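Participant: One structure is given below, represented as structure tokens, and several questions about it will come after.
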Amino acid sequence: MSTQSNLSTNSGLGYGVFVADPLPMAGPGPLPNGEPRNFQPIAVTLIHGTQDAVLVDPPLTVDQAQAVGDWVEASGKRLTHIVVTHGHGDHWFTAGGLAERFGAQVVTSAGAVAQMHNNVYAREVLWDVMWPGQIPPSPVTAVTVPGNRLTLEGHDLNIVEVGHADSDDSAVLHVPDLDLVVAGDVIYNGVHMYLAESADGNLGPWRKAIDTVATLEPRRIVASHQNKALDDNAERLIAETRRYLDDAEADLAAHDTPVEFFDSMLKRYPEHLGPTVLWVSSRALYLAREGGDPVQNLVAAWRL
């Protein structure tokens, strides 16, 4: 576990980022390249004023939540809200416990609520198989806020819905007075991108989501999956996320098997973290070419 801090010098607001290191995953053996199966690093963001704070995208496991909660407590700030950017459980399964610990309210977009319920339904066949006994109870307690807007000590925090990225009904949190976007899984930073829910191979909707982020003109972006050694320069992150999609699309057209696609993307991005997610994406994309039920294909991609 590690943290990195970034502070504003002119708005009265600041933010910090807690990066939880990749978790080992239960299940099948090593990846095709021989590496063990580990999940991606998970980044959690604390946006704070002089007294109050808002947490964005709480983590997956009980242990991670304990560490994040201790980090928030050490900040000395009063946590008012926990914002969830999208429905994937690794960014909200611990929200309820953290909300109870701090007396905070969990909020998200209207579209994300249904996706959160879908991830609860998937726990038995997916999440709890990969991390047995490590994930707390996860009732969906999130609510929407009027106009998708919060205020933190007089500063606007805007939940901006962007459509499909690595999940349907994704959103980002825009903090104009910090020139900051907390991007959830819309933007990645030095980590292989989760393409498995774009199983038809159509990456156009994700590109539109990135375009929406770009129109917000941030200077800084926090990606919820990131290499903690890299900076948060928005221009770089947007460009590199777009390029990864372009390269994935080219490799999908050029290769006939998931192993070939996996190997090619590893060669293109040898420094990227998270090859397990690349292999899951490879499996899902090529299973989709064979037909079958999309949900069953997605579960199989994670578990084979």
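By convention here, the chains of the structure tokens are called A, B, ... in the order presented, each chain's residues are numbered starting at 1, and ligands are numbered starting at 1 in the order presented.
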Name the residues in contact with segment 209-216 of chain A at a cut-off of 9 Å, using only C-alpha atoms, excluding same-chain residues fewer than 6 positions from it; report them as a list of chain:residue names.
Facilitator: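 These residues fall inside the cut-off: A:Val160, A:Glu161, A:Val162, A:Gly163, A:His164, A:Ala165, A:Ser170, A:Ala171, A:Val172, A:His174, A:Pro176, A:Asp179, A:Leu180, A:Val181, A:Ala183, A:Val186, A:Ile187, A:Ala234, A:Glu235, A:Ile238, A:Thr241, A:Arg242.
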Participant: Determine, counting only C-alpha atoms, which protein, DNA and RNA residues have an atom within 12 Å of an atom of Gln134 of chain A; residues of the same chain fewer than 4 positions away are not included. Present the result as a PyMOL selection string.
Facilitator: chain A and resi 23-26+59-66+90+93-94+123+127-130+138
Participant: Which residues, written as a PDB file with C-alpha atoms, in the first residue's frame, have at least one atom at most 7 Å from segment 300-304 of chain A, with only C-alpha atoms counted and residues fewer than 2 positions away on the same chain left out?
Facilitator:
ATOM      1  CA  GLY A  27      -8.236 -19.501  -9.483  1.00  0.00           C
ATOM      2  CA  PRO A  28      -6.391 -20.741 -12.555  1.00  0.00           C
ATOM      3  CA  VAL A 280      -8.977 -11.459 -19.360  1.00  0.00           C
ATOM      4  CA  ARG A 283     -10.131 -14.073 -23.646  1.00  0.00           C
ATOM      5  CA  ALA A 284     -13.368 -12.074 -23.640  1.00  0.00           C
ATOM      6  CA  GLN A 296     -21.149 -16.386 -19.521  1.00  0.00           C
ATOM      7  CA  ASN A 297     -18.278 -15.419 -21.801  1.00  0.00           C
ATOM      8  CA  LEU A 298     -17.255 -12.644 -19.408  1.00  0.00           C
TER       9      LEU A 298
END
Participant: Using only C-alpha atoms, which protein or nucleic acid residues come within 9 Å of Gln105 of chain A? Drop anything in the same chain fewer than 5 positions from it, and give the result as number ranges by chain.
Facilitator: A: 79-83, 96, 99-100, 141-143
Participant: For Leu230 of chain A, please output as JSON, numbers by chain all residues within 10 Å (counting only C-alpha atoms; exclusion window: fewer than 6 positions along the same chain).
Facilitator: {"A": [189, 190, 237]}
Participant: Restrict the selected residues to all heavy atoms and save them as a PDB file, in the first residue's frame.
Facilitator:
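Just written: part-v2.pdb:
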ATOM      1  N   ASN A 189      -3.590   4.837 -16.439  1.00  0.00           N
ATOM      2  CA  ASN A 189      -2.277   5.476 -16.314  1.00  0.00           C
ATOM      3  C   ASN A 189      -1.203   4.409 -16.102  1.00  0.00           C
ATOM      4  O   ASN A 189      -0.924   4.007 -14.977  1.00  0.00           O
ATOM      5  CB  ASN A 189      -2.293   6.465 -15.143  1.00  0.00           C
ATOM      6  CG  ASN A 189      -1.028   7.300 -15.051  1.00  0.00           C
ATOM      7  OD1 ASN A 189      -0.136   7.213 -15.901  1.00  0.00           O
ATOM      8  ND2 ASN A 189      -0.940   8.122 -14.011  1.00  0.00           N
ATOM      9  N   GLY A 190      -0.642   3.927 -17.206  1.00  0.00           N
ATOM     10  CA  GLY A 190       0.440   2.956 -17.122  1.00  0.00           C
ATOM     11  C   GLY A 190      -0.005   1.569 -16.719  1.00  0.00           C
ATOM     12  O   GLY A 190       0.800   0.781 -16.212  1.00  0.00           O
ATOM     13  N   LEU A 237      -2.055  11.489 -20.050  1.00  0.00           N
ATOM     14  CA  LEU A 237      -2.963  10.377 -19.767  1.00  0.00           C
ATOM     15  C   LEU A 237      -4.016  10.210 -20.860  1.00  0.00           C
ATOM     16  O   LEU A 237      -4.328   9.094 -21.280  1.00  0.00           O
ATOM     17  CB  LEU A 237      -3.636  10.563 -18.410  1.00  0.00           C
ATOM     18  CG  LEU A 237      -2.927   9.912 -17.222  1.00  0.00           C
ATOM     19  CD1 LEU A 237      -1.581  10.565 -16.945  1.00  0.00           C
ATOM     20  CD2 LEU A 237      -3.811   9.951 -15.976  1.00  0.00           C
TER      21      LEU A 237
END
Participant: Please determine, counting only C-alpha atoms, which residue among A:Ala95, A:Gly292, A:Met193, A:Ser75 has the shortest atom-to-atom distance to Thr276 of chain A.
Facilitator: A:Met193
Participant: Run DSSP on the backbone and tell me which residues of segment 152-231 of chain A come out as alpha helix (DSSP H); list them as a list of chain:residue names.
Facilitator: A:Gly204, A:Pro205, A:Trp206, A:Arg207, A:Lys208, A:Ala209, A:Ile210, A:Asp211, A:Thr212, A:Val213, A:Ala214, A:Thr215
Participant: Near Pro146 of chain A, within 12 Å and counting only C-alpha atoms, which residues show up once chain neighbours fewer than 2 positions away are dropped, as a PyMOL selection string?
Facilitator: chain A and resi 107-110+143-144+148-151+157-159
Participant: Hey, can you spit out that residue selection with C-alpha atoms as an mmCIF file, in the first residue's frame?
Facilitator:
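The file below, part-v5.cif, is the result:
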data_model
loop_
_atom_site.group_PDB
_atom_site.id
_atom_site.type_symbol
_atom_site.label_atom_id
_atom_site.label_comp_id
_atom_site.auth_asym_id
_atom_site.auth_seq_id
_atom_site.Cartn_x
_atom_site.Cartn_y
_atom_site.Cartn_z
ATOM 1 C CA VAL A 107 -23.392 9.001 -4.006
ATOM 2 C CA THR A 108 -23.137 8.176 -7.689
ATOM 3 C CA SER A 109 -24.874 8.758 -11.002
ATOM 4 C CA ALA A 110 -28.288 7.275 -11.748
ATOM 5 C CA VAL A 143 -28.027 7.692 -3.985
ATOM 6 C CA THR A 144 -27.980 10.398 -6.622
ATOM 7 C CA ASN A 148 -25.034 15.432 -10.205
ATOM 8 C CA ARG A 149 -23.336 18.122 -8.126
ATOM 9 C CA LEU A 150 -21.791 18.236 -4.662
ATOM 10 C CA THR A 151 -20.200 21.157 -2.889
ATOM 11 C CA LEU A 157 -17.655 18.781 -7.482
ATOM 12 C CA ASN A 158 -19.490 17.605 -10.592
ATOM 13 C CA ILE A 159 -20.358 13.997 -11.430
#
Participant: With DSSP run on the backbone, what are the strand (DSSP E) residues within segment 141-259 of chain A? I'd like them as a PDB file with all heavy atoms, in the first residue's frame.
Facilitator:
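Output file states24.pdb follows:
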ATOM      1  N   ARG A 149     -24.295  17.135  -8.632  1.00  0.00           N
ATOM      2  CA  ARG A 149     -23.336  18.122  -8.126  1.00  0.00           C
ATOM      3  C   ARG A 149     -23.273  18.083  -6.609  1.00  0.00           C
ATOM      4  O   ARG A 149     -24.300  18.082  -5.926  1.00  0.00           O
ATOM      5  CB  ARG A 149     -23.714  19.526  -8.596  1.00  0.00           C
ATOM      6  CG  ARG A 149     -22.811  20.641  -8.083  1.00  0.00           C
ATOM      7  CD  ARG A 149     -23.138  21.951  -8.751  1.00  0.00           C
ATOM      8  NE  ARG A 149     -22.904  21.863 -10.187  1.00  0.00           N
ATOM      9  CZ  ARG A 149     -23.333  22.756 -11.078  1.00  0.00           C
ATOM     10  NH1 ARG A 149     -24.026  23.808 -10.685  1.00  0.00           N
ATOM     11  NH2 ARG A 149     -23.070  22.596 -12.360  1.00  0.00           N
ATOM     12  N   LEU A 150     -22.055  18.070  -6.084  1.00  0.00           N
ATOM     13  CA  LEU A 150     -21.791  18.236  -4.662  1.00  0.00           C
ATOM     14  C   LEU A 150     -21.071  19.561  -4.467  1.00  0.00           C
ATOM     15  O   LEU A 150     -20.505  20.127  -5.411  1.00  0.00           O
ATOM     16  CB  LEU A 150     -20.877  17.124  -4.142  1.00  0.00           C
ATOM     17  CG  LEU A 150     -21.294  15.670  -4.296  1.00  0.00           C
ATOM     18  CD1 LEU A 150     -20.127  14.775  -3.908  1.00  0.00           C
ATOM     19  CD2 LEU A 150     -22.495  15.369  -3.439  1.00  0.00           C
ATOM     20  N   THR A 151     -21.082  20.037  -3.227  1.00  0.00           N
ATOM     21  CA  THR A 151     -20.200  21.157  -2.889  1.00  0.00           C
ATOM     22  C   THR A 151     -19.318  20.758  -1.712  1.00  0.00           C
ATOM     23  O   THR A 151     -19.755  20.038  -0.811  1.00  0.00           O
ATOM     24  CB  THR A 151     -20.987  22.432  -2.542  1.00  0.00           C
ATOM     25  OG1 THR A 151     -21.858  22.167  -1.430  1.00  0.00           O
ATOM     26  CG2 THR A 151     -21.796  22.909  -3.734  1.00  0.00           C
ATOM     27  N   LEU A 152     -18.095  21.191  -1.765  1.00  0.00           N
ATOM     28  CA  LEU A 152     -17.130  20.959  -0.699  1.00  0.00           C
ATOM     29  C   LEU A 152     -16.582  22.316  -0.283  1.00  0.00           C
ATOM     30  O   LEU A 152     -15.826  22.933  -1.045  1.00  0.00           O
ATOM     31  CB  LEU A 152     -16.007  20.031  -1.184  1.00  0.00           C
ATOM     32  CG  LEU A 152     -14.855  19.783  -0.210  1.00  0.00           C
ATOM     33  CD1 LEU A 152     -15.350  19.120   1.075  1.00  0.00           C
ATOM     34  CD2 LEU A 152     -13.775  18.929  -0.869  1.00  0.00           C
ATOM     35  N   HIS A 155     -16.992  24.811  -2.985  1.00  0.00           N
ATOM     36  CA  HIS A 155     -16.440  24.471  -4.297  1.00  0.00           C
ATOM     37  C   HIS A 155     -17.270  23.353  -4.935  1.00  0.00           C
ATOM     38  O   HIS A 155     -17.629  22.372  -4.275  1.00  0.00           O
ATOM     39  CB  HIS A 155     -14.993  24.008  -4.160  1.00  0.00           C
ATOM     40  CG  HIS A 155     -14.092  25.025  -3.548  1.00  0.00           C
ATOM     41  ND1 HIS A 155     -13.481  26.024  -4.276  1.00  0.00           N
ATOM     42  CD2 HIS A 155     -13.697  25.202  -2.260  1.00  0.00           C
ATOM     43  CE1 HIS A 155     -12.742  26.770  -3.470  1.00  0.00           C
ATOM     44  NE2 HIS A 155     -12.853  26.288  -2.230  1.00  0.00           N
ATOM     45  N   ASP A 156     -17.564  23.477  -6.221  1.00  0.00           N
ATOM     46  CA  ASP A 156     -18.359  22.477  -6.923  1.00  0.00           C
ATOM     47  C   ASP A 156     -17.536  21.232  -7.230  1.00  0.00           C
ATOM     48  O   ASP A 156     -16.379  21.314  -7.657  1.00  0.00           O
ATOM     49  CB  ASP A 156     -18.885  23.037  -8.254  1.00  0.00           C
ATOM     50  CG  ASP A 156     -20.018  24.027  -8.062  1.00  0.00           C
ATOM     51  OD1 ASP A 156     -20.658  24.006  -6.990  1.00  0.00           O
ATOM     52  OD2 ASP A 156     -20.263  24.824  -8.994  1.00  0.00           O
ATOM     53  N   LEU A 157     -18.170  20.075  -7.047  1.00  0.00           N
ATOM     54  CA  LEU A 157     -17.655  18.781  -7.482  1.00  0.00           C
ATOM     55  C   LEU A 157     -18.745  18.169  -8.351  1.00  0.00           C
ATOM     56  O   LEU A 157     -19.842  17.873  -7.851  1.00  0.00           O
ATOM     57  CB  LEU A 157     -17.347  17.860  -6.296  1.00  0.00           C
ATOM     58  CG  LEU A 157     -16.038  18.058  -5.519  1.00  0.00           C
ATOM     59  CD1 LEU A 157     -15.976  19.405  -4.844  1.00  0.00           C
ATOM     60  CD2 LEU A 157     -15.874  16.941  -4.487  1.00  0.00           C
ATOM     61  N   ASN A 158     -18.473  17.991  -9.629  1.00  0.00           N
ATOM     62  CA  ASN A 158     -19.490  17.605 -10.592  1.00  0.00           C
ATOM     63  C   ASN A 158     -19.307  16.157 -11.054  1.00  0.00           C
ATOM     64  O   ASN A 158     -18.230  15.789 -11.535  1.00  0.00           O
ATOM     65  CB  ASN A 158     -19.437  18.526 -11.817  1.00  0.00           C
ATOM     66  CG  ASN A 158     -19.625  19.985 -11.431  1.00  0.00           C
ATOM     67  OD1 ASN A 158     -20.533  20.328 -10.681  1.00  0.00           O
ATOM     68  ND2 ASN A 158     -18.751  20.849 -11.933  1.00  0.00           N
ATOM     69  N   ILE A 159     -20.346  15.355 -10.893  1.00  0.00           N
ATOM     70  CA  ILE A 159     -20.358  13.997 -11.430  1.00  0.00           C
ATOM     71  C   ILE A 159     -20.784  14.096 -12.893  1.00  0.00           C
ATOM     72  O   ILE A 159     -21.921  14.480 -13.189  1.00  0.00           O
ATOM     73  CB  ILE A 159     -21.319  13.090 -10.646  1.00  0.00           C
ATOM     74  CG1 ILE A 159     -20.891  12.999  -9.179  1.00  0.00           C
ATOM     75  CG2 ILE A 159     -21.383  11.703 -11.273  1.00  0.00           C
ATOM     76  CD1 ILE A 159     -21.902  12.294  -8.282  1.00  0.00           C
ATOM     77  N   VAL A 160     -19.876  13.782 -13.798  1.00  0.00           N
ATOM     78  CA  VAL A 160     -20.117  13.944 -15.232  1.00  0.00           C
ATOM     79  C   VAL A 160     -20.288  12.560 -15.855  1.00  0.00           C
ATOM     80  O   VAL A 160     -19.345  11.758 -15.878  1.00  0.00           O
ATOM     81  CB  VAL A 160     -18.953  14.692 -15.911  1.00  0.00           C
ATOM     82  CG1 VAL A 160     -19.224  14.855 -17.411  1.00  0.00           C
ATOM     83  CG2 VAL A 160     -18.738  16.045 -15.238  1.00  0.00           C
ATOM     84  N   GLU A 161     -21.482  12.274 -16.360  1.00  0.00           N
ATOM     85  CA  GLU A 161     -21.749  10.984 -16.976  1.00  0.00           C
ATOM     86  C   GLU A 161     -21.167  10.955 -18.385  1.00  0.00           C
ATOM     87  O   GLU A 161     -21.364  11.888 -19.167  1.00  0.00           O
ATOM     88  CB  GLU A 161     -23.245  10.711 -16.993  1.00  0.00           C
ATOM     89  CG  GLU A 161     -23.836  10.623 -15.586  1.00  0.00           C
ATOM     90  CD  GLU A 161     -25.327  10.363 -15.566  1.00  0.00           C
ATOM     91  OE1 GLU A 161     -25.723   9.197 -15.780  1.00  0.00           O
ATOM     92  OE2 GLU A 161     -26.088  11.326 -15.347  1.00  0.00           O
ATOM     93  N   VAL A 162     -20.445   9.881 -18.712  1.00  0.00           N
ATOM     94  CA  VAL A 162     -19.734   9.812 -19.989  1.00  0.00           C
ATOM     95  C   VAL A 162     -20.122   8.595 -20.828  1.00  0.00           C
ATOM     96  O   VAL A 162     -19.601   8.411 -21.923  1.00  0.00           O
ATOM     97  CB  VAL A 162     -18.205   9.814 -19.767  1.00  0.00           C
ATOM     98  CG1 VAL A 162     -17.769  11.090 -19.048  1.00  0.00           C
ATOM     99  CG2 VAL A 162     -17.751   8.585 -18.983  1.00  0.00           C
ATOM    100  N   GLY A 163     -21.013   7.736 -20.325  1.00  0.00           N
ATOM    101  CA  GLY A 163     -21.429   6.564 -21.102  1.00  0.00           C
ATOM    102  C   GLY A 163     -20.505   5.375 -20.894  1.00  0.00           C
ATOM    103  O   GLY A 163     -19.979   5.159 -19.810  1.00  0.00           O
ATOM    104  N   SER A 170     -20.617   4.828 -17.085  1.00  0.00           N
ATOM    105  CA  SER A 170     -19.469   5.359 -16.354  1.00  0.00           C
ATOM    106  C   SER A 170     -19.602   6.869 -16.161  1.00  0.00           C
ATOM    107  O   SER A 170     -20.312   7.563 -16.903  1.00  0.00           O
ATOM    108  CB  SER A 170     -18.172   5.055 -17.097  1.00  0.00           C
ATOM    109  OG  SER A 170     -17.910   3.677 -17.115  1.00  0.00           O
ATOM    110  N   ALA A 171     -18.911   7.364 -15.158  1.00  0.00           N
ATOM    111  CA  ALA A 171     -18.871   8.797 -14.896  1.00  0.00           C
ATOM    112  C   ALA A 171     -17.475   9.159 -14.413  1.00  0.00           C
ATOM    113  O   ALA A 171     -16.652   8.292 -14.086  1.00  0.00           O
ATOM    114  CB  ALA A 171     -19.916   9.189 -13.848  1.00  0.00           C
ATOM    115  N   VAL A 172     -17.203  10.453 -14.362  1.00  0.00           N
ATOM    116  CA  VAL A 172     -15.981  10.984 -13.762  1.00  0.00           C
ATOM    117  C   VAL A 172     -16.391  12.082 -12.794  1.00  0.00           C
ATOM    118  O   VAL A 172     -17.499  12.608 -12.853  1.00  0.00           O
ATOM    119  CB  VAL A 172     -15.003  11.537 -14.818  1.00  0.00           C
ATOM    120  CG1 VAL A 172     -14.629  10.458 -15.832  1.00  0.00           C
ATOM    121  CG2 VAL A 172     -15.605  12.751 -15.538  1.00  0.00           C
ATOM    122  N   LEU A 173     -15.495  12.425 -11.893  1.00  0.00           N
ATOM    123  CA  LEU A 173     -15.740  13.539 -10.983  1.00  0.00           C
ATOM    124  C   LEU A 173     -14.840  14.704 -11.385  1.00  0.00           C
ATOM    125  O   LEU A 173     -13.614  14.580 -11.381  1.00  0.00           O
ATOM    126  CB  LEU A 173     -15.468  13.134  -9.536  1.00  0.00           C
ATOM    127  CG  LEU A 173     -15.858  14.201  -8.491  1.00  0.00           C
ATOM    128  CD1 LEU A 173     -17.375  14.366  -8.436  1.00  0.00           C
ATOM    129  CD2 LEU A 173     -15.302  13.865  -7.115  1.00  0.00           C
ATOM    130  N   HIS A 174     -15.468  15.823 -11.710  1.00  0.00           N
ATOM    131  CA  HIS A 174     -14.738  17.009 -12.155  1.00  0.00           C
ATOM    132  C   HIS A 174     -14.703  18.021 -11.011  1.00  0.00           C
ATOM    133  O   HIS A 174     -15.738  18.367 -10.438  1.00  0.00           O
ATOM    134  CB  HIS A 174     -15.445  17.620 -13.369  1.00  0.00           C
ATOM    135  CG  HIS A 174     -14.764  18.839 -13.915  1.00  0.00           C
ATOM    136  ND1 HIS A 174     -15.448  19.889 -14.481  1.00  0.00           N
ATOM    137  CD2 HIS A 174     -13.444  19.178 -13.992  1.00  0.00           C
ATOM    138  CE1 HIS A 174     -14.594  20.813 -14.880  1.00  0.00           C
ATOM    139  NE2 HIS A 174     -13.377  20.402 -14.597  1.00  0.00           N
ATOM    140  N   VAL A 175     -13.498  18.473 -10.693  1.00  0.00           N
ATOM    141  CA  VAL A 175     -13.303  19.490  -9.655  1.00  0.00           C
ATOM    142  C   VAL A 175     -12.691  20.709 -10.335  1.00  0.00           C
ATOM    143  O   VAL A 175     -11.463  20.829 -10.435  1.00  0.00           O
ATOM    144  CB  VAL A 175     -12.394  18.965  -8.530  1.00  0.00           C
ATOM    145  CG1 VAL A 175     -12.369  19.960  -7.372  1.00  0.00           C
ATOM    146  CG2 VAL A 175     -12.855  17.591  -8.052  1.00  0.00           C
ATOM    147  N   LEU A 180      -9.006  19.397 -11.992  1.00  0.00           N
ATOM    148  CA  LEU A 180      -8.830  17.974 -11.741  1.00  0.00           C
ATOM    149  C   LEU A 180     -10.026  17.179 -12.213  1.00  0.00           C
ATOM    150  O   LEU A 180     -11.179  17.588 -12.026  1.00  0.00           O
ATOM    151  CB  LEU A 180      -8.646  17.735 -10.233  1.00  0.00           C
ATOM    152  CG  LEU A 180      -8.633  16.283  -9.740  1.00  0.00           C
ATOM    153  CD1 LEU A 180      -7.353  15.583 -10.173  1.00  0.00           C
ATOM    154  CD2 LEU A 180      -8.788  16.247  -8.215  1.00  0.00           C
ATOM    155  N   VAL A 181      -9.755  16.028 -12.819  1.00  0.00           N
ATOM    156  CA  VAL A 181     -10.770  15.013 -13.074  1.00  0.00           C
ATOM    157  C   VAL A 181     -10.316  13.724 -12.398  1.00  0.00           C
ATOM    158  O   VAL A 181      -9.199  13.255 -12.643  1.00  0.00           O
ATOM    159  CB  VAL A 181     -10.991  14.772 -14.578  1.00  0.00           C
ATOM    160  CG1 VAL A 181     -11.788  13.483 -14.818  1.00  0.00           C
ATOM    161  CG2 VAL A 181     -11.734  15.957 -15.187  1.00  0.00           C
ATOM    162  N   VAL A 182     -11.170  13.186 -11.530  1.00  0.00           N
ATOM    163  CA  VAL A 182     -10.969  11.831 -11.015  1.00  0.00           C
ATOM    164  C   VAL A 182     -11.739  10.926 -11.966  1.00  0.00           C
ATOM    165  O   VAL A 182     -12.962  10.941 -12.008  1.00  0.00           O
ATOM    166  CB  VAL A 182     -11.463  11.687  -9.572  1.00  0.00           C
ATOM    167  CG1 VAL A 182     -11.146  10.286  -9.052  1.00  0.00           C
ATOM    168  CG2 VAL A 182     -10.825  12.738  -8.683  1.00  0.00           C
ATOM    169  N   ARG A 220      -4.928  17.944 -14.438  1.00  0.00           N
ATOM    170  CA  ARG A 220      -4.554  16.744 -13.706  1.00  0.00           C
ATOM    171  C   ARG A 220      -5.678  15.715 -13.828  1.00  0.00           C
ATOM    172  O   ARG A 220      -6.854  16.065 -13.777  1.00  0.00           O
ATOM    173  CB  ARG A 220      -4.329  17.047 -12.216  1.00  0.00           C
ATOM    174  CG  ARG A 220      -3.390  18.198 -11.911  1.00  0.00           C
ATOM    175  CD  ARG A 220      -3.363  18.456 -10.417  1.00  0.00           C
ATOM    176  NE  ARG A 220      -2.531  19.604 -10.050  1.00  0.00           N
ATOM    177  CZ  ARG A 220      -2.983  20.835  -9.902  1.00  0.00           C
ATOM    178  NH1 ARG A 220      -4.266  21.098 -10.120  1.00  0.00           N
ATOM    179  NH2 ARG A 220      -2.171  21.812  -9.558  1.00  0.00           N
ATOM    180  N   ILE A 221      -5.301  14.457 -13.950  1.00  0.00           N
ATOM    181  CA  ILE A 221      -6.264  13.363 -13.953  1.00  0.00           C
ATOM    182  C   ILE A 221      -5.767  12.276 -13.007  1.00  0.00           C
ATOM    183  O   ILE A 221      -4.598  11.872 -13.064  1.00  0.00           O
ATOM    184  CB  ILE A 221      -6.456  12.768 -15.369  1.00  0.00           C
ATOM    185  CG1 ILE A 221      -7.191  13.764 -16.270  1.00  0.00           C
ATOM    186  CG2 ILE A 221      -7.216  11.438 -15.311  1.00  0.00           C
ATOM    187  CD1 ILE A 221      -7.344  13.293 -17.715  1.00  0.00           C
ATOM    188  N   VAL A 222      -6.674  11.816 -12.148  1.00  0.00           N
ATOM    189  CA  VAL A 222      -6.392  10.636 -11.339  1.00  0.00           C
ATOM    190  C   VAL A 222      -7.104   9.463 -11.994  1.00  0.00           C
ATOM    191  O   VAL A 222      -8.331   9.453 -12.108  1.00  0.00           O
ATOM    192  CB  VAL A 222      -6.864  10.793  -9.890  1.00  0.00           C
ATOM    193  CG1 VAL A 222      -6.638   9.491  -9.122  1.00  0.00           C
ATOM    194  CG2 VAL A 222      -6.139  11.941  -9.207  1.00  0.00           C
TER     195      VAL A 222
END
Participant: Do a neighbour search on Glu73 of chain A at 12 Å with only C-alpha atoms, toss out local chain neighbours closer than 3 positions, and write the hits as a PyMOL selection string.
Facilitator: chain A and resi 46+52-53+55+65-70+76-79+98+101-102
Participant: Would you export the selected residues with N, CA, C and O atoms as an mmCIF file, in the first residue's frame, please?
Facilitator:
data_model
loop_
_atom_site.group_PDB
_atom_site.id
_atom_site.type_symbol
_atom_site.label_atom_id
_atom_site.label_comp_id
_atom_site.auth_asym_id
_atom_site.auth_seq_id
_atom_site.Cartn_x
_atom_site.Cartn_y
_atom_site.Cartn_z
ATOM 1 N N LEU A 46 -8.797 11.347 -2.231
ATOM 2 C CA LEU A 46 -9.404 12.173 -1.195
ATOM 3 C C LEU A 46 -9.280 13.632 -1.611
ATOM 4 O O LEU A 46 -8.174 14.161 -1.728
ATOM 5 N N ASP A 52 -13.369 19.644 5.658
ATOM 6 C CA ASP A 52 -14.151 18.524 5.128
ATOM 7 C C ASP A 52 -13.457 17.875 3.942
ATOM 8 O O ASP A 52 -12.527 18.436 3.354
ATOM 9 N N ALA A 53 -13.955 16.680 3.598
ATOM 10 C CA ALA A 53 -13.345 15.935 2.489
ATOM 11 C C ALA A 53 -14.375 15.024 1.844
ATOM 12 O O ALA A 53 -15.404 14.672 2.439
ATOM 13 N N LEU A 55 -14.338 11.358 -0.529
ATOM 14 C CA LEU A 55 -13.545 10.212 -0.986
ATOM 15 C C LEU A 55 -14.133 9.699 -2.294
ATOM 16 O O LEU A 55 -15.356 9.607 -2.436
ATOM 17 N N ALA A 65 -9.820 -1.435 2.709
ATOM 18 C CA ALA A 65 -10.684 -0.410 3.284
ATOM 19 C C ALA A 65 -10.185 0.051 4.647
ATOM 20 O O ALA A 65 -10.284 1.245 4.982
ATOM 21 N N GLN A 66 -9.648 -0.868 5.436
ATOM 22 C CA GLN A 66 -9.095 -0.488 6.733
ATOM 23 C C GLN A 66 -7.939 0.496 6.548
ATOM 24 O O GLN A 66 -7.842 1.515 7.245
ATOM 25 N N ALA A 67 -7.069 0.184 5.587
ATOM 26 C CA ALA A 67 -5.927 1.061 5.332
ATOM 27 C C ALA A 67 -6.374 2.422 4.808
ATOM 28 O O ALA A 67 -5.847 3.470 5.220
ATOM 29 N N VAL A 68 -7.348 2.428 3.893
ATOM 30 C CA VAL A 68 -7.863 3.698 3.368
ATOM 31 C C VAL A 68 -8.536 4.494 4.476
ATOM 32 O O VAL A 68 -8.358 5.717 4.593
ATOM 33 N N GLY A 69 -9.337 3.822 5.314
ATOM 34 C CA GLY A 69 -9.995 4.518 6.407
ATOM 35 C C GLY A 69 -9.010 5.139 7.372
ATOM 36 O O GLY A 69 -9.192 6.282 7.831
ATOM 37 N N ASP A 70 -7.946 4.421 7.672
ATOM 38 C CA ASP A 70 -6.912 4.972 8.558
ATOM 39 C C ASP A 70 -6.239 6.180 7.922
ATOM 40 O O ASP A 70 -5.884 7.155 8.611
ATOM 41 N N GLY A 76 -7.306 14.118 9.293
ATOM 42 C CA GLY A 76 -7.966 15.058 10.188
ATOM 43 C C GLY A 76 -9.191 15.726 9.603
ATOM 44 O O GLY A 76 -9.793 16.606 10.241
ATOM 45 N N LYS A 77 -9.608 15.304 8.417
ATOM 46 C CA LYS A 77 -10.765 15.910 7.763
ATOM 47 C C LYS A 77 -12.048 15.141 8.101
ATOM 48 O O LYS A 77 -12.024 13.952 8.406
ATOM 49 N N ARG A 78 -13.167 15.846 8.028
ATOM 50 C CA ARG A 78 -14.488 15.227 8.213
ATOM 51 C C ARG A 78 -14.997 14.744 6.863
ATOM 52 O O ARG A 78 -15.222 15.547 5.957
ATOM 53 N N LEU A 79 -15.160 13.421 6.723
ATOM 54 C CA LEU A 79 -15.599 12.868 5.447
ATOM 55 C C LEU A 79 -17.105 13.027 5.322
ATOM 56 O O LEU A 79 -17.879 12.486 6.126
ATOM 57 N N LEU A 98 -17.052 2.038 4.961
ATOM 58 C CA LEU A 98 -16.373 3.321 5.138
ATOM 59 C C LEU A 98 -17.379 4.431 5.430
ATOM 60 O O LEU A 98 -17.118 5.319 6.251
ATOM 61 N N ARG A 101 -18.284 4.090 9.029
ATOM 62 C CA ARG A 101 -17.180 4.501 9.906
ATOM 63 C C ARG A 101 -17.125 6.009 10.072
ATOM 64 O O ARG A 101 -16.865 6.506 11.188
ATOM 65 N N PHE A 102 -17.392 6.746 8.990
ATOM 66 C CA PHE A 102 -17.211 8.190 9.028
ATOM 67 C C PHE A 102 -18.515 8.987 9.020
ATOM 68 O O PHE A 102 -18.485 10.217 9.044
#
Participant: What gap, in Å, lies between atom CA of Ala20 of chain A and atom CA of Trp131 of chain A?
Facilitator: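 Computing the Euclidean distance for atom CA of Ala20 of chain A and atom CA of Trp131 of chain A yields 15.1 Å.
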Participant: Which residue is closest to Val44 of chain A? Choose from A:His225, A:Arg219, A:Arg236, A:His88 and count only C-alpha atoms.
Facilitator: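 Ranked by minimum distance to Val44 of chain A, first place goes to A:His225.
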